[in-house]
$ cat final.csv   # CSV, C-alpha atoms
chain,number,residue,atom,x,y,z
A,13,MET,CA,62.6,138.0,97.1
A,14,CYS,CA,63.8,135.2,99.4
A,15,GLY,CA,64.7,132.5,96.9
A,16,PHE,CA,67.5,130.0,96.9
A,17,PRO,CA,71.1,131.1,96.2
A,18,GLY,CA,72.2,131.7,92.7
A,19,ALA,CA,71.9,134.9,90.9
A,20,ASP,CA,70.3,136.4,94.0
A,21,GLY,CA,72.7,135.0,96.6
A,22,MET,CA,75.4,132.5,97.4
A,23,SER,CA,76.0,129.6,99.8
A,24,ARG,CA,78.5,129.4,102.5
A,25,ILE,CA,80.2,126.0,103.3
A,26,ARG,CA,82.0,125.0,106.4
A,27,VAL,CA,84.7,122.3,106.6
A,28,THR,CA,85.5,120.7,109.9
A,29,VAL,CA,87.8,117.9,111.1
A,30,GLU,CA,86.9,116.3,114.4
A,31,GLY,CA,85.0,119.3,115.5
A,32,ALA,CA,87.7,121.9,114.5
A,33,VAL,CA,86.8,124.4,111.7
A,34,VAL,CA,89.3,124.1,108.9
A,35,ALA,CA,87.6,126.6,106.6
A,36,GLU,CA,84.3,128.5,106.1
A,37,VAL,CA,83.9,130.2,102.8
A,38,GLU,CA,81.3,131.6,100.4
A,39,VAL,CA,81.0,129.5,97.2
A,40,ASP,CA,81.1,132.2,94.6
A,41,ARG,CA,83.3,130.3,92.2
A,42,GLU,CA,84.8,126.8,91.8
A,43,ILE,CA,86.6,125.6,94.9
A,44,VAL,CA,88.9,122.6,95.2
A,45,LEU,CA,89.4,120.7,98.4
A,46,GLY,CA,92.4,118.3,98.7
A,47,ARG,CA,95.7,117.4,100.4
A,48,ALA,CA,98.1,119.2,98.0
A,49,GLU,CA,99.6,122.6,98.5
A,50,GLY,CA,97.9,125.3,96.4
A,51,VAL,CA,94.3,124.0,96.6
A,52,ASP,CA,91.6,126.3,97.9
A,53,ILE,CA,90.8,124.2,101.1
A,54,ARG,CA,93.6,122.0,102.3
A,55,VAL,CA,93.1,119.0,104.5
A,56,ALA,CA,96.5,117.4,105.3
A,57,ASP,CA,95.4,113.8,105.9
A,58,SER,CA,96.4,110.6,104.1
A,59,GLN,CA,92.8,109.7,103.5
A,60,VAL,CA,92.3,112.8,101.4
A,61,SER,CA,93.7,112.8,97.8
A,62,SER,CA,95.8,115.6,96.4
A,63,ARG,CA,92.8,117.1,94.5
A,64,HIS,CA,89.8,115.3,96.1
A,65,LEU,CA,86.6,117.4,95.8
A,66,ARG,CA,85.3,120.1,93.6
A,67,ILE,CA,82.6,122.6,94.9
A,68,ARG,CA,80.6,124.9,92.6
A,69,PRO,CA,77.8,127.4,93.2
A,70,ALA,CA,74.3,126.3,92.3
A,71,ASP,CA,70.8,127.6,92.4
A,72,GLN,CA,70.0,125.5,95.5
A,73,GLY,CA,73.0,124.9,97.8
A,74,VAL,CA,76.1,123.9,96.0
A,75,LEU,CA,77.3,121.2,93.6
A,76,VAL,CA,80.0,118.8,94.7
A,77,ALA,CA,82.0,116.3,92.6
A,78,ASP,CA,84.6,113.8,93.7
A,79,LEU,CA,87.7,114.2,91.5
A,80,GLY,CA,88.5,110.5,91.2
A,81,SER,CA,89.9,110.3,94.7
A,82,THR,CA,91.3,107.1,96.1
A,83,ASN,CA,89.0,106.9,99.1
A,84,GLY,CA,85.9,108.5,97.8
A,85,SER,CA,83.4,111.1,99.2
A,86,VAL,CA,80.3,109.9,101.0
A,87,LEU,CA,77.0,111.7,101.8
A,88,ASP,CA,75.5,111.3,105.2
A,89,GLU,CA,72.9,108.8,104.0
A,90,GLY,CA,75.7,106.5,102.7
A,91,THR,CA,75.7,107.5,99.0
A,92,GLN,CA,79.2,107.6,97.5
A,93,LEU,CA,79.7,110.3,94.9
A,94,GLN,CA,80.4,109.2,91.4
A,95,PRO,CA,83.8,110.5,90.0
A,96,ASN,CA,83.5,113.8,88.2
A,97,VAL,CA,79.7,114.0,88.4
A,98,ASP,CA,78.2,117.1,90.0
A,99,THR,CA,75.8,116.3,92.8
A,100,PRO,CA,73.7,118.8,94.7
A,101,LEU,CA,74.6,119.3,98.4
A,102,ALA,CA,71.7,121.1,100.1
A,103,ARG,CA,71.6,122.9,103.5
A,104,GLY,CA,71.4,120.2,106.2
A,105,GLN,CA,73.2,117.5,104.2
A,106,LYS,CA,76.7,116.4,105.2
A,107,LEU,CA,79.5,115.1,103.0
A,108,MET,CA,82.5,113.2,104.4
A,109,VAL,CA,85.8,113.6,102.7
A,110,GLY,CA,88.2,111.4,104.7
A,111,PRO,CA,88.1,112.9,108.2
A,112,ALA,CA,86.6,116.2,107.0
A,113,LEU,CA,82.9,117.1,107.1
A,114,VAL,CA,81.6,119.5,104.4
A,115,GLU,CA,78.2,121.1,104.9
A,116,VAL,CA,76.3,124.1,103.7
A,117,VAL,CA,75.7,126.3,106.8
A,118,GLU,CA,74.2,129.5,105.5
A,119,THR,CA,72.9,131.2,102.4
A,120,ALA,CA,74.1,134.7,101.9
A,121,ARG,CA,71.4,137.1,100.8
A,122,PRO,CA,71.6,140.5,99.0
A,123,ALA,CA,71.2,143.6,101.2
A,124,SER,CA,67.9,144.5,99.5
A,125,ASP,CA,66.2,141.5,101.1
A,126,GLY,CA,66.6,143.1,104.5
A,127,ALA,CA,69.1,143.4,107.2
A,128,PHE,CA,68.5,139.9,108.6
A,129,PHE,CA,69.2,138.1,105.3
A,130,GLY,CA,72.2,140.3,104.6
A,131,SER,CA,73.9,139.5,107.9
A,132,GLU,CA,77.0,137.3,108.3
A,133,LYS,CA,75.5,135.0,110.9
A,134,THR,CA,76.2,131.2,110.5
A,135,MET,CA,74.4,128.2,111.9
A,136,ALA,CA,76.2,125.2,113.2
A,137,VAL,CA,74.8,121.8,112.1
A,138,GLY,CA,75.4,118.8,114.4
A,139,GLY,CA,77.4,118.4,117.6
A,140,GLY,CA,80.7,116.8,118.3
A,141,ALA,CA,79.3,113.3,119.0
A,142,MET,CA,77.2,113.3,115.8
A,143,GLN,CA,80.2,114.4,113.8
A,144,ALA,CA,82.4,111.7,115.3
A,145,ALA,CA,79.8,109.1,114.4
A,146,LEU,CA,79.6,110.5,110.8
A,147,ILE,CA,83.4,110.4,110.5
A,148,ASN,CA,83.4,106.8,111.7
A,149,VAL,CA,80.8,105.8,109.1
A,150,ALA,CA,82.6,107.7,106.3
A,151,ARG,CA,85.9,106.0,107.1
A,152,PHE,CA,84.2,102.6,107.2
A,153,LYS,CA,82.6,103.2,103.8
A,154,ALA,CA,85.9,104.5,102.3
A,155,ALA,CA,87.7,101.4,103.5
A,156,ALA,CA,85.2,99.1,101.8
A,157,PRO,CA,86.3,96.1,103.8
A,158,ARG,CA,86.2,92.7,102.2
A,159,LEU,CA,86.8,89.1,103.3
A,160,VAL,CA,88.5,86.9,100.7
A,161,VAL,CA,87.5,83.3,101.3
A,162,GLY,CA,90.4,81.1,100.3
A,163,ALA,CA,89.1,77.6,100.8
A,164,GLU,CA,89.7,75.0,98.2
A,165,HIS,CA,85.9,74.5,97.7
A,166,ASP,CA,85.0,78.1,98.1
A,167,ARG,CA,87.0,81.1,96.7
A,168,ARG,CA,85.2,84.4,96.6
A,169,VAL,CA,85.3,88.0,97.8
A,170,VAL,CA,82.6,89.0,100.3
A,171,PRO,CA,82.1,92.7,100.9
A,172,LEU,CA,81.5,93.6,104.6
A,173,GLN,CA,78.6,96.0,104.2
A,174,GLU,CA,77.8,96.6,107.8
A,175,MET,CA,79.9,98.0,110.6
A,176,GLU,CA,79.4,94.7,112.5
A,177,VAL,CA,78.9,91.3,110.8
A,178,VAL,CA,78.9,87.8,112.0
A,179,VAL,CA,80.8,85.0,110.1
A,180,GLY,CA,79.3,81.5,110.4
A,181,ARG,CA,78.0,78.4,108.8
A,182,GLU,CA,74.2,79.1,109.1
A,183,ALA,CA,72.9,81.9,106.9
A,184,ALA,CA,70.1,82.6,109.4
A,185,GLN,CA,72.6,83.5,112.1
A,186,CYS,CA,75.2,85.4,110.1
A,187,GLN,CA,75.9,87.9,107.4
A,188,VAL,CA,78.9,86.1,106.0
A,189,GLU,CA,78.2,82.5,105.3
A,190,ILE,CA,81.0,79.9,105.0
A,191,ARG,CA,79.6,76.4,104.6
A,192,HIS,CA,82.3,74.2,106.1
A,193,ALA,CA,82.2,71.6,108.9
A,194,SER,CA,84.9,73.4,110.9
A,195,VAL,CA,82.9,76.6,111.0
A,196,SER,CA,80.3,77.1,113.8
A,197,SER,CA,76.8,78.4,113.1
A,198,ALA,CA,77.7,81.8,114.5
A,199,HIS,CA,81.5,81.6,114.6
A,200,ALA,CA,83.0,85.1,114.9
A,201,SER,CA,82.2,88.8,114.4
A,202,ILE,CA,84.1,91.5,112.6
A,203,SER,CA,83.3,95.0,113.7
A,204,TYR,CA,84.5,98.6,113.0
A,205,LYS,CA,85.0,100.7,116.1
A,206,ASP,CA,86.9,104.0,116.6
A,207,GLY,CA,88.7,103.7,113.3
A,208,ALA,CA,89.8,100.0,113.8
A,209,PHE,CA,88.6,96.7,112.6
A,210,VAL,CA,88.2,94.1,115.3
A,211,VAL,CA,87.6,90.3,115.1
A,212,THR,CA,86.0,88.5,118.0
A,213,ASP,CA,85.4,84.7,118.4
A,214,LEU,CA,81.9,84.0,119.5
A,215,GLY,CA,82.6,80.8,121.4
A,216,SER,CA,83.2,78.7,118.3
A,217,SER,CA,84.1,75.0,118.5
A,218,ASN,CA,87.3,75.2,116.5
A,219,GLY,CA,88.5,78.7,117.2
A,220,THR,CA,89.4,81.8,115.3
A,221,PHE,CA,93.0,82.6,114.3
A,222,VAL,CA,94.7,85.8,113.2
A,223,ASP,CA,97.9,85.1,111.2
A,224,GLY,CA,98.0,81.6,112.6
A,225,ASN,CA,97.5,82.5,116.3
A,226,ARG,CA,94.3,81.6,118.1
A,227,ILE,CA,92.6,84.6,119.6
A,228,THR,CA,91.0,84.7,123.1
A,229,GLY,CA,89.4,88.1,123.0
A,230,PRO,CA,88.7,91.0,120.6
A,231,THR,CA,91.7,91.4,118.3
A,232,THR,CA,92.5,94.3,116.0
A,233,ILE,CA,93.2,93.3,112.4
A,234,GLN,CA,95.0,95.3,109.7
A,235,PRO,CA,94.6,95.1,105.9
A,236,GLU,CA,96.4,92.1,104.5
A,237,THR,CA,95.8,90.0,107.5
A,238,ALA,CA,95.0,86.2,107.4
A,239,VAL,CA,92.0,85.3,109.5
A,240,THR,CA,91.1,81.7,109.9
A,241,PHE,CA,87.6,80.5,111.0
A,242,GLY,CA,88.0,76.8,112.1
A,243,THR,CA,90.2,75.5,109.3
A,244,VAL,CA,89.1,78.0,106.6
A,245,ASP,CA,91.7,80.6,105.7
A,246,CYS,CA,90.6,84.0,104.6
A,247,LEU,CA,92.3,87.3,103.8
A,248,PHE,CA,91.0,90.5,105.3
A,249,ALA,CA,91.4,93.3,102.7
A,250,CYS,CA,90.2,96.9,102.4
A,251,ASN,CA,91.0,100.1,100.5
A,252,GLN,CA,94.1,101.9,101.8
A,253,PRO,CA,95.4,105.5,101.4
A,254,GLU,CA,97.3,106.1,98.2
A,255,SER,CA,101.1,105.9,98.6
A,256,GLU,CA,104.1,106.8,96.5
A,257,GLY,CA,105.8,103.8,94.9
A,258,ALA,CA,102.7,101.6,95.1
A,259,ALA,CA,103.0,100.4,91.5
A,260,ARG,CA,106.7,99.7,92.0
A,261,LEU,CA,106.0,97.7,95.1
A,262,SER,CA,103.4,95.5,93.3
A,263,ASP,CA,105.9,94.8,90.5
A,264,ALA,CA,108.6,93.8,93.0
A,265,LEU,CA,106.2,91.5,94.9
A,266,ALA,CA,105.1,89.9,91.7
A,267,GLN,CA,108.7,89.3,90.6
A,268,HIS,CA,109.4,87.8,94.0
A,269,ILE,CA,106.5,85.4,93.8
A,270,VAL,CA,107.7,84.1,90.5
A,271,ALA,CA,111.3,83.9,91.6
A,272,MET,CA,110.2,81.8,94.7
A,273,ARG,CA,108.2,79.6,92.3
A,274,ARG,CA,105.0,80.3,94.2
A,275,ALA,CA,103.3,81.1,90.8
A,276,THR,CA,104.0,81.1,87.1
A,277,GLN,CA,104.8,84.2,85.1
A,278,GLY,CA,101.5,84.0,83.4
A,279,GLN,CA,99.5,83.8,86.6
A,280,VAL,CA,101.2,86.8,88.1
A,281,ARG,CA,101.0,88.9,84.9
A,282,SER,CA,97.3,88.2,84.7
A,283,ALA,CA,96.8,89.1,88.4
A,284,LEU,CA,98.8,92.3,88.0
A,285,ASP,CA,96.7,93.3,85.0
A,286,GLU,CA,93.5,92.9,87.0
A,287,HIS,CA,95.1,94.7,90.0
A,288,ARG,CA,96.0,97.7,87.8
A,289,LYS,CA,92.6,97.9,86.0
A,290,SER,CA,90.4,97.4,89.0
A,291,GLY,CA,92.5,99.0,91.8
A,292,ARG,CA,92.0,95.9,94.0
A,293,PRO,CA,95.0,94.9,96.1
A,294,LEU,CA,97.3,92.4,94.4
A,295,GLY,CA,97.0,90.0,97.3
A,296,GLU,CA,93.2,90.0,97.1
A,297,VAL,CA,93.3,89.0,93.4
A,298,LEU,CA,95.9,86.3,94.0
A,299,VAL,CA,94.0,84.7,96.9
A,300,GLU,CA,90.7,84.9,95.1
A,301,ARG,CA,92.2,83.1,92.1
A,302,GLY,CA,93.8,80.4,94.3
A,303,VAL,CA,97.3,81.4,93.2
A,304,LEU,CA,98.3,81.9,96.8
A,305,ALA,CA,96.8,80.9,100.1
A,306,PRO,CA,95.9,83.8,102.4
A,307,ARG,CA,98.8,83.0,104.8
A,308,GLN,CA,101.3,82.6,101.9
A,309,TRP,CA,100.4,86.1,100.7
A,310,VAL,CA,100.6,87.6,104.3
A,311,GLU,CA,104.1,86.1,104.7
A,312,ILE,CA,105.2,87.8,101.4
A,313,TRP,CA,103.4,91.1,102.4
A,314,ARG,CA,105.3,91.2,105.7
A,315,GLN,CA,108.6,91.1,103.9
A,316,ARG,CA,107.5,93.8,101.4
A,317,ASP,CA,110.1,96.4,102.5
A,318,VAL,CA,113.0,94.0,102.0
A,319,ILE,CA,111.6,92.7,98.7
A,320,SER,CA,111.0,96.2,97.4
A,321,THR,CA,114.6,97.3,98.3
A,322,LEU,CA,116.1,94.3,96.6
A,323,GLY,CA,113.8,94.8,93.6
A,324,ARG,CA,115.0,98.5,93.2
A,325,GLY,CA,118.6,97.3,93.4
A,326,ALA,CA,118.0,94.9,90.5
A,327,ALA,CA,116.1,97.5,88.5
A,328,THR,CA,118.9,100.0,88.8
A,329,GLY,CA,121.5,97.5,87.6
A,330,GLY,CA,122.6,96.4,91.1
A,331,ALA,CA,123.7,92.9,92.0
A,332,PRO,CA,121.1,90.1,91.6
A,333,ARG,CA,119.2,89.2,94.7
A,334,TRP,CA,121.0,85.9,95.3
A,335,ILE,CA,124.3,87.7,95.5
A,336,TRP,CA,122.9,90.0,98.3
A,337,LEU,CA,121.7,86.9,100.1
A,338,VAL,CA,125.2,85.3,99.8
A,339,VAL,CA,126.8,88.5,101.1
A,340,ALA,CA,124.4,88.7,104.0
A,341,VAL,CA,125.1,85.1,105.0
A,342,ALA,CA,128.9,85.7,104.7
A,343,VAL,CA,128.7,88.8,106.9
A,344,LEU,CA,126.8,86.8,109.6
A,345,ALA,CA,129.3,84.0,109.4
A,346,VAL,CA,132.3,86.4,109.8
A,347,GLY,CA,130.5,88.0,112.7
A,348,ALA,CA,130.0,84.7,114.4
A,349,ILE,CA,133.6,83.7,113.9
A,350,ALA,CA,134.8,87.0,115.3
A,351,ALA,CA,132.6,86.6,118.3
A,352,LEU,CA,134.1,83.1,119.0
A,353,VAL,CA,137.6,84.4,118.7
A,354,PHE,CA,136.8,87.2,121.1
A,355,LEU,CA,135.3,84.9,123.7
A,356,ARG,CA,138.4,82.7,123.6
$ encode --input "final.csv" --output "structure tokens"
Amino acid sequence: MCGFPGADGMSRIRVTVEGAVVAEVEVDREIVLGRAEGVDIRVADSQVSSRHLRIRPADQGVLVADLGSTNGSVLDEGTQLQPNVDTPLARGQKLMVGPALVEVVETARPASDGAFFGSEKTMAVGGGAMQAALINVARFKAAAPRLVVGAEHDRRVVPLQEMEVVVGREAAQCQVEIRHASVSSAHASISYKDGAFVVTDLGSSNGTFVDGNRITGPTTIQPETAVTFGTVDCLFACNQPESEGAARLSDALAQHIVAMRRATQGQVRSALDEHRKSGRPLGEVLVERGVLAPRQWVEIWRQRDVISTLGRGAATGGAPRWIWLVVAVAVLAVGAIAALVFLR
């Protein structure tokens, strides 16, 4: 009998990263793919969570389930797996896990079905160019890019659902509409190419700016970047790989915002609560709520390492931040005096 795998056979999966085979195994039990040591299939990449994906044998192909990963798992038609829900993966389908491509490449058959079905031959699915394109699409979907419009009259989060979108004033000419006199009909484009987001001005009347600087050609933008269309400030945001100390950093930034009197304790506490519950970046929440302007948040974000270090010092009983500032000024003053004495 030549049925689907299950009691009479089993499926083989192949995991590749940028064309290189990481693993090829028969799914005769539960298999875990992730970044951590000790998992069955290890992919050492920051876009892959410690325990990212579960793979189980099934009657037809295999069952896959995302284990609540940070960046998700995406099927080739664009469907993102729901956390901890088994989803069939059939032969010919492809699943992207960060930079890794998972596919069913062969069904192993029992020897009684004949020598051909009992062989260990495998079949490659897709070439290098196809895989590179799939990886690019998967990374884009995992990033889930957003534009946070921070105008006084218009505060909202706009998901960028295509790999190239036009930002402008006229809905008929753009995918992201910002109705403001300083914004041209088709003002600028944001595209995703070769793993990077790029903003390009489309000959607008009032220009496009990245962190306050007018751009004259395609310009790469990172998460937590201020992008201004005409006079409308926006924050570019997207999902980022999980990092150690992320919660501590958010707390330190929130304390800094209150200490600098940029927001009240209540505003920051509420934004922190939403940030923790939804997983959205803290800056995205603050800008959407109008607590901070996009460029105000970017200025704070750029100083995050210093702010985090000072916050840790205060948390561990170190000197208050103002003392460290006084000490720093004093050291600079002494250095300047010493330099003057030396020059004389």
$ closest_residue --input "final.csv" --among "A:His192, A:His64, A:Arg301, A:Arg314" --to "Val280 of chain A" --atoms "only C-alpha atoms"
A:Arg301
$ residues_around --input "final.csv" --residues "Met108 of chain A" --least-positions-apart "3" --cutoff "8 Å" --atoms "only C-alpha atoms" --output "list in words"
Ser85, Val86, Leu87, Asp88, Pro111, Ala112, Leu113, Val114, Leu146, Ile147 and Ala150 of chain A
$ closest_residue --input "final.csv" --among "A:Leu65, A:Val299, A:Ala249, A:Val55" --to "Arg168 of chain A" --atoms "only C-alpha atoms"
A:Val299
$ closest_residue --input "final.csv" --among "A:Asp71, A:Asp263, A:Glu30, A:Glu38" --to "Ala145 of chain A" --atoms "only C-alpha atoms"
A:Glu30
$ closest_residue --input "final.csv" --among "A:Ser282, A:Ser201, A:Ser320, A:Thr232" --to "Arg260 of chain A" --atoms "all atoms listed in the file"
A:Ser320
$ decode --input "final.csv" --residues "segment 191-202 of chain A" --atoms "all heavy atoms" --output "PDB file, in the first residue's frame"
ATOM      1  N   ARG A 191      -3.054  62.874   5.424  1.00  0.00           N
ATOM      2  CA  ARG A 191      -3.731  64.046   4.872  1.00  0.00           C
ATOM      3  C   ARG A 191      -3.236  65.310   5.576  1.00  0.00           C
ATOM      4  O   ARG A 191      -3.745  65.699   6.635  1.00  0.00           O
ATOM      5  CB  ARG A 191      -5.246  63.893   4.995  1.00  0.00           C
ATOM      6  CG  ARG A 191      -5.784  62.679   4.236  1.00  0.00           C
ATOM      7  CD  ARG A 191      -7.294  62.707   4.115  1.00  0.00           C
ATOM      8  NE  ARG A 191      -7.774  63.842   3.329  1.00  0.00           N
ATOM      9  CZ  ARG A 191      -7.780  63.880   2.004  1.00  0.00           C
ATOM     10  NH1 ARG A 191      -7.331  62.847   1.308  1.00  0.00           N
ATOM     11  NH2 ARG A 191      -8.236  64.934   1.371  1.00  0.00           N
ATOM     12  N   HIS A 192      -2.200  65.899   4.971  1.00  0.00           N
ATOM     13  CA  HIS A 192      -1.620  67.131   5.505  1.00  0.00           C
ATOM     14  C   HIS A 192      -1.091  67.948   4.332  1.00  0.00           C
ATOM     15  O   HIS A 192      -0.558  67.393   3.359  1.00  0.00           O
ATOM     16  CB  HIS A 192      -0.484  66.808   6.490  1.00  0.00           C
ATOM     17  CG  HIS A 192      -0.021  67.991   7.272  1.00  0.00           C
ATOM     18  ND1 HIS A 192       0.949  68.862   6.827  1.00  0.00           N
ATOM     19  CD2 HIS A 192      -0.406  68.459   8.492  1.00  0.00           C
ATOM     20  CE1 HIS A 192       1.156  69.796   7.720  1.00  0.00           C
ATOM     21  NE2 HIS A 192       0.341  69.580   8.744  1.00  0.00           N
ATOM     22  N   ALA A 193      -1.229  69.273   4.430  1.00  0.00           N
ATOM     23  CA  ALA A 193      -0.858  70.143   3.307  1.00  0.00           C
ATOM     24  C   ALA A 193       0.615  70.045   2.937  1.00  0.00           C
ATOM     25  O   ALA A 193       0.991  70.278   1.779  1.00  0.00           O
ATOM     26  CB  ALA A 193      -1.215  71.587   3.660  1.00  0.00           C
ATOM     27  N   SER A 194       1.476  69.689   3.898  1.00  0.00           N
ATOM     28  CA  SER A 194       2.914  69.637   3.605  1.00  0.00           C
ATOM     29  C   SER A 194       3.328  68.329   2.933  1.00  0.00           C
ATOM     30  O   SER A 194       4.470  68.181   2.494  1.00  0.00           O
ATOM     31  CB  SER A 194       3.721  69.808   4.899  1.00  0.00           C
ATOM     32  OG  SER A 194       3.560  68.682   5.743  1.00  0.00           O
ATOM     33  N   VAL A 195       2.396  67.373   2.848  1.00  0.00           N
ATOM     34  CA  VAL A 195       2.686  66.061   2.266  1.00  0.00           C
ATOM     35  C   VAL A 195       2.213  66.038   0.814  1.00  0.00           C
ATOM     36  O   VAL A 195       1.075  66.400   0.516  1.00  0.00           O
ATOM     37  CB  VAL A 195       1.995  64.940   3.076  1.00  0.00           C
ATOM     38  CG1 VAL A 195       2.263  63.575   2.444  1.00  0.00           C
ATOM     39  CG2 VAL A 195       2.480  64.961   4.512  1.00  0.00           C
ATOM     40  N   SER A 196       3.091  65.603  -0.092  1.00  0.00           N
ATOM     41  CA  SER A 196       2.737  65.529  -1.512  1.00  0.00           C
ATOM     42  C   SER A 196       1.822  64.338  -1.785  1.00  0.00           C
ATOM     43  O   SER A 196       1.696  63.429  -0.959  1.00  0.00           O
ATOM     44  CB  SER A 196       4.008  65.421  -2.361  1.00  0.00           C
ATOM     45  OG  SER A 196       4.795  66.590  -2.224  1.00  0.00           O
ATOM     46  N   SER A 197       1.197  64.349  -2.958  1.00  0.00           N
ATOM     47  CA  SER A 197       0.248  63.290  -3.315  1.00  0.00           C
ATOM     48  C   SER A 197       0.895  61.912  -3.214  1.00  0.00           C
ATOM     49  O   SER A 197       0.341  60.988  -2.627  1.00  0.00           O
ATOM     50  CB  SER A 197      -0.286  63.513  -4.731  1.00  0.00           C
ATOM     51  OG  SER A 197      -0.966  64.747  -4.797  1.00  0.00           O
ATOM     52  N   ALA A 198       2.073  61.767  -3.823  1.00  0.00           N
ATOM     53  CA  ALA A 198       2.889  60.550  -3.672  1.00  0.00           C
ATOM     54  C   ALA A 198       4.250  61.041  -3.185  1.00  0.00           C
ATOM     55  O   ALA A 198       5.098  61.448  -3.981  1.00  0.00           O
ATOM     56  CB  ALA A 198       2.998  59.797  -4.988  1.00  0.00           C
ATOM     57  N   HIS A 199       4.438  61.037  -1.892  1.00  0.00           N
ATOM     58  CA  HIS A 199       5.549  61.765  -1.266  1.00  0.00           C
ATOM     59  C   HIS A 199       6.851  60.955  -1.230  1.00  0.00           C
ATOM     60  O   HIS A 199       7.914  61.436  -1.630  1.00  0.00           O
ATOM     61  CB  HIS A 199       5.137  62.153   0.162  1.00  0.00           C
ATOM     62  CG  HIS A 199       6.038  63.173   0.793  1.00  0.00           C
ATOM     63  ND1 HIS A 199       5.661  64.494   0.971  1.00  0.00           N
ATOM     64  CD2 HIS A 199       7.295  63.077   1.284  1.00  0.00           C
ATOM     65  CE1 HIS A 199       6.640  65.156   1.542  1.00  0.00           C
ATOM     66  NE2 HIS A 199       7.649  64.308   1.746  1.00  0.00           N
ATOM     67  N   ALA A 200       6.778  59.736  -0.705  1.00  0.00           N
ATOM     68  CA  ALA A 200       7.987  58.914  -0.533  1.00  0.00           C
ATOM     69  C   ALA A 200       7.596  57.446  -0.522  1.00  0.00           C
ATOM     70  O   ALA A 200       6.424  57.097  -0.361  1.00  0.00           O
ATOM     71  CB  ALA A 200       8.697  59.284   0.773  1.00  0.00           C
ATOM     72  N   SER A 201       8.584  56.589  -0.692  1.00  0.00           N
ATOM     73  CA  SER A 201       8.332  55.150  -0.615  1.00  0.00           C
ATOM     74  C   SER A 201       9.171  54.545   0.501  1.00  0.00           C
ATOM     75  O   SER A 201      10.251  55.050   0.833  1.00  0.00           O
ATOM     76  CB  SER A 201       8.675  54.460  -1.941  1.00  0.00           C
ATOM     77  OG  SER A 201      10.071  54.485  -2.173  1.00  0.00           O
ATOM     78  N   ILE A 202       8.661  53.457   1.087  1.00  0.00           N
ATOM     79  CA  ILE A 202       9.413  52.658   2.050  1.00  0.00           C
ATOM     80  C   ILE A 202       9.427  51.234   1.501  1.00  0.00           C
ATOM     81  O   ILE A 202       8.368  50.653   1.245  1.00  0.00           O
ATOM     82  CB  ILE A 202       8.786  52.690   3.454  1.00  0.00           C
ATOM     83  CG1 ILE A 202       8.757  54.121   3.993  1.00  0.00           C
ATOM     84  CG2 ILE A 202       9.557  51.781   4.416  1.00  0.00           C
ATOM     85  CD1 ILE A 202       8.056  54.260   5.342  1.00  0.00           C
TER      86      ILE A 202
END
